[in-house]
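Enquirer: Before I ask anything, let me first share the structure, which is written out below as structure tokens.
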Amino acid sequence: MYCLVAILLLNALAVAQAMSTAAPASAAAQPATNLNDSENARKARAVLDQTIQSLGGEPYLTYTNRVEEGRYYPLYHGRTESTGIPYRYYVEYPDKDRFEVLHTKDIHLIPGTIDIGGVKVKNKFDLALIHNGDKGYEITYKGTAAQDKLDLENYLRRRQHSLEWLFRKWIRDPNVALFYNGAAVVDGKETEGVTLLNSQNDSVNVYLDLNTHYPVKISYSWRDPKDKQKDVEDEVYDSYKLVQGIWTPHSITRYFNGETSQQRFINTASYNLNLADSMFEASVTYDPTVPIKKR
């Protein structure tokens with residue numbers, strides 16, 4: 001009798017153990033939720049894929065760097081007194097860039113991009129703003145300083161919502177949901193809109209030309225940590241030209257809360273150059289918040 005009871009207990013334990021080990025395997029076998037398993041999401045994906053092909057397809061998705069030169073117009077409340085600041089801009093995907101202001105004698109750039117006030121020199125002045133990963137540096141005739149914390153946060157936000165990151169990172173992320181928003185008139189052009197929403201509840205709206213399928217505008221918003229108000233930043237793209245198999249906008253206008261904050265007009269652009277890593281490297285040599293000691 002005791003032997004029979006022991007055998008029954010052993011059998012019960014074996015069955016329980018088998019069930020406990022099978023449960024996780026069963027749960028693991030269940031497919032993850034597909035956020036884009038809907039007709040609307042498939043339409044959004046098709047529109048984005050069409051845009052990528054229109055911009056150049058594989059060359060657009062795989063270029064390693066680009067360089068552009070042109071004139072930069074900082075604006076305040078939609079106005080500028082500048083006749084245009086010549087610049088050169090190097091971008092190394094995904095997280096390095098170098099913005100150079102060339103041969104200018106009186107620099108006063110818009111707050112949030114480069115803000116060093118008016119600096120006058122006798123002959124020439126070169127300024128470089130470097131980003132490498134999540135660090136930023138400003139190089140002036142005084143030396144190299146860490147970029148202002150707020151300016152760096154604004155820059156990193158713009159990079160995370162840039163066209164390159166949208167078409168290379170966002171749409172490849174299975175946790176990003178896509179929504180097709182239909183037709184809209186943007187900057188005088190007929191467009192169709194798509195919203196991308198990531199797992200951090202951060203979203204960006206992309207408006208694509210109905211005829212060329214090129215991006216016309218991107219728009220995103222965030223809450224200011226100080227006043228808790230919503231801020232909106234837009235970028236509008238125009239004057240596309242074919243450069244090395246990639247259709248490249250040669251006019252870019254940025255808006256902040258509906259007001260024009262910056263314009264740049266590209267004269268020349270090129271891709272996949274042999275750029276030295278040292279171009280994106282910098283080390284701090286002085287602190288602009290510390291008064292310079294008089295000799």
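Simple scheme: letters A, B, ... for chains in structure tokens order, numbers from 1 for residues in each chain, numbers from 1 for ligands in the order shown.
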I'd like the neighbourhood of Trp222 (chain A) as a list in words, where a residue qualifies if any of its atoms comes within 10 Å (using only C-alpha atoms), though same-chain residues fewer than 6 positions away should be ignored.
Expert: Arg157, Asp202, Ser203, Lys228, Gln229, Lys230, Asp231, Val232 and Glu233 of chain A
Enquirer: Please produce a file of those selected residues containing all heavy atoms, as a short mmCIF file (atom, residue, chain, number, x, y, z; two decimals), in the first residue's frame.
Expert:
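Contents of the output file selection_39.cif:
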```cif
data_model
loop_
_atom_site.label_atom_id
_atom_site.label_comp_id
_atom_site.auth_asym_id
_atom_site.auth_seq_id
_atom_site.Cartn_x
_atom_site.Cartn_y
_atom_site.Cartn_z
N ARG A 157 17.63 66.57 -30.14
CA ARG A 157 16.22 66.34 -30.48
C ARG A 157 16.03 66.44 -32.00
O ARG A 157 15.31 65.63 -32.59
CB ARG A 157 15.33 67.36 -29.76
CG ARG A 157 13.84 67.10 -29.98
CD ARG A 157 12.97 68.20 -29.40
NE ARG A 157 13.20 68.38 -27.98
CZ ARG A 157 13.79 69.45 -27.45
NH1 ARG A 157 14.23 70.43 -28.23
NH2 ARG A 157 13.96 69.55 -26.15
N ASP A 202 6.72 59.18 -28.52
CA ASP A 202 7.27 60.29 -29.29
C ASP A 202 6.87 60.09 -30.74
O ASP A 202 7.01 58.98 -31.28
CB ASP A 202 8.79 60.31 -29.14
CG ASP A 202 9.43 61.49 -29.84
OD1 ASP A 202 8.71 62.45 -30.17
OD2 ASP A 202 10.66 61.46 -30.07
N SER A 203 6.38 61.12 -31.38
CA SER A 203 5.89 60.98 -32.74
C SER A 203 6.44 62.07 -33.65
O SER A 203 6.86 63.13 -33.19
CB SER A 203 4.36 61.02 -32.77
OG SER A 203 3.89 62.30 -32.41
N LYS A 228 6.22 73.68 -19.21
CA LYS A 228 5.29 72.58 -19.53
C LYS A 228 4.43 72.86 -20.76
O LYS A 228 3.47 72.15 -21.03
CB LYS A 228 4.37 72.26 -18.34
CG LYS A 228 5.11 72.00 -17.03
CD LYS A 228 6.10 70.87 -17.14
CE LYS A 228 6.82 70.64 -15.81
NZ LYS A 228 7.85 69.57 -15.93
N GLN A 229 4.78 73.90 -21.52
CA GLN A 229 4.04 74.21 -22.73
C GLN A 229 4.57 73.37 -23.89
O GLN A 229 5.73 72.96 -23.91
CB GLN A 229 4.17 75.70 -23.07
CG GLN A 229 3.58 76.63 -22.01
CD GLN A 229 2.09 76.43 -21.83
OE1 GLN A 229 1.33 76.40 -22.81
NE2 GLN A 229 1.67 76.28 -20.59
N LYS A 230 3.70 73.13 -24.86
CA LYS A 230 4.10 72.35 -26.02
C LYS A 230 4.81 73.23 -27.03
O LYS A 230 4.32 74.28 -27.41
CB LYS A 230 2.89 71.68 -26.67
CG LYS A 230 3.27 70.74 -27.82
CD LYS A 230 2.08 69.97 -28.34
CE LYS A 230 1.20 70.84 -29.22
NZ LYS A 230 0.16 70.06 -29.93
N ASP A 231 5.99 72.80 -27.47
CA ASP A 231 6.73 73.47 -28.52
C ASP A 231 6.68 72.62 -29.77
O ASP A 231 6.74 71.37 -29.70
CB ASP A 231 8.18 73.71 -28.11
CG ASP A 231 8.30 74.76 -27.01
OD1 ASP A 231 7.51 75.73 -27.05
OD2 ASP A 231 9.16 74.62 -26.13
N VAL A 232 6.63 73.26 -30.93
CA VAL A 232 6.53 72.55 -32.21
C VAL A 232 7.66 73.01 -33.12
O VAL A 232 7.90 74.22 -33.26
CB VAL A 232 5.18 72.82 -32.90
CG1 VAL A 232 5.13 72.09 -34.24
CG2 VAL A 232 4.03 72.39 -32.01
N GLU A 233 8.36 72.06 -33.69
CA GLU A 233 9.43 72.38 -34.64
C GLU A 233 9.12 71.70 -35.97
O GLU A 233 8.74 70.53 -36.01
CB GLU A 233 10.79 71.94 -34.12
CG GLU A 233 11.93 72.44 -34.97
CD GLU A 233 13.23 72.58 -34.21
OE1 GLU A 233 13.30 72.10 -33.06
OE2 GLU A 233 14.18 73.16 -34.76
#
```
Enquirer: Taking only C-alpha atoms into account, produce a table as CSV in which each residue of region 52-77 of chain A with an atom at most 8 Å from an atom of region 273-281 of chain A appears once, together with its shortest atom pair and the distance in Å to one decimal, ordered by chain and rising number.
Expert:
```
residue,atom,partner,partner_atom,distance
A:Asn65,CA,A:Leu273,CA,6.7
A:Arg66,CA,A:Leu273,CA,7.1
A:Val67,CA,A:Leu273,CA,7.9
```
Enquirer: Since we have the selection now, will you write its residues out, keeping N, CA, C and O atoms, as a PDB file, in the first residue's frame?
Expert:
```
ATOM      1  N   ASN A  65      28.365  59.491 -45.507  1.00  0.00           N
ATOM      2  CA  ASN A  65      28.504  60.883 -45.111  1.00  0.00           C
ATOM      3  C   ASN A  65      28.110  61.799 -46.255  1.00  0.00           C
ATOM      4  O   ASN A  65      27.981  61.360 -47.406  1.00  0.00           O
ATOM      5  N   ARG A  66      27.920  63.051 -45.926  1.00  0.00           N
ATOM      6  CA  ARG A  66      27.653  64.061 -46.956  1.00  0.00           C
ATOM      7  C   ARG A  66      28.294  65.376 -46.523  1.00  0.00           C
ATOM      8  O   ARG A  66      28.509  65.625 -45.339  1.00  0.00           O
ATOM      9  N   VAL A  67      28.601  66.201 -47.513  1.00  0.00           N
ATOM     10  CA  VAL A  67      29.165  67.516 -47.275  1.00  0.00           C
ATOM     11  C   VAL A  67      28.382  68.511 -48.105  1.00  0.00           C
ATOM     12  O   VAL A  67      28.065  68.250 -49.272  1.00  0.00           O
TER      13      VAL A  67
END
```
Enquirer: Might you pull out every residue within 10 Å of Ser54 (chain A), with only C-alpha atoms counted and same-chain residues fewer than 2 positions away left off, and present them as a PyMOL selection string?
Expert: chain A and resi 48-52+56-57+60+212-215+246-247
Enquirer: By how many Å are CA of Ser221 (chain A) and CA of Asn257 (chain A) apart?
Expert: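 Interatomic distance, CA of Ser221 (chain A) to CA of Asn257 (chain A): 9.2 Å.
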Enquirer: Which one of A:Lys43, A:Asp209, A:His131, A:Pro225 sits closest to Leu150 (chain A) if you count only C-alpha atoms?
Expert: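 Residue with the minimum atom-to-atom distance to Leu150 (chain A): A:Pro225.
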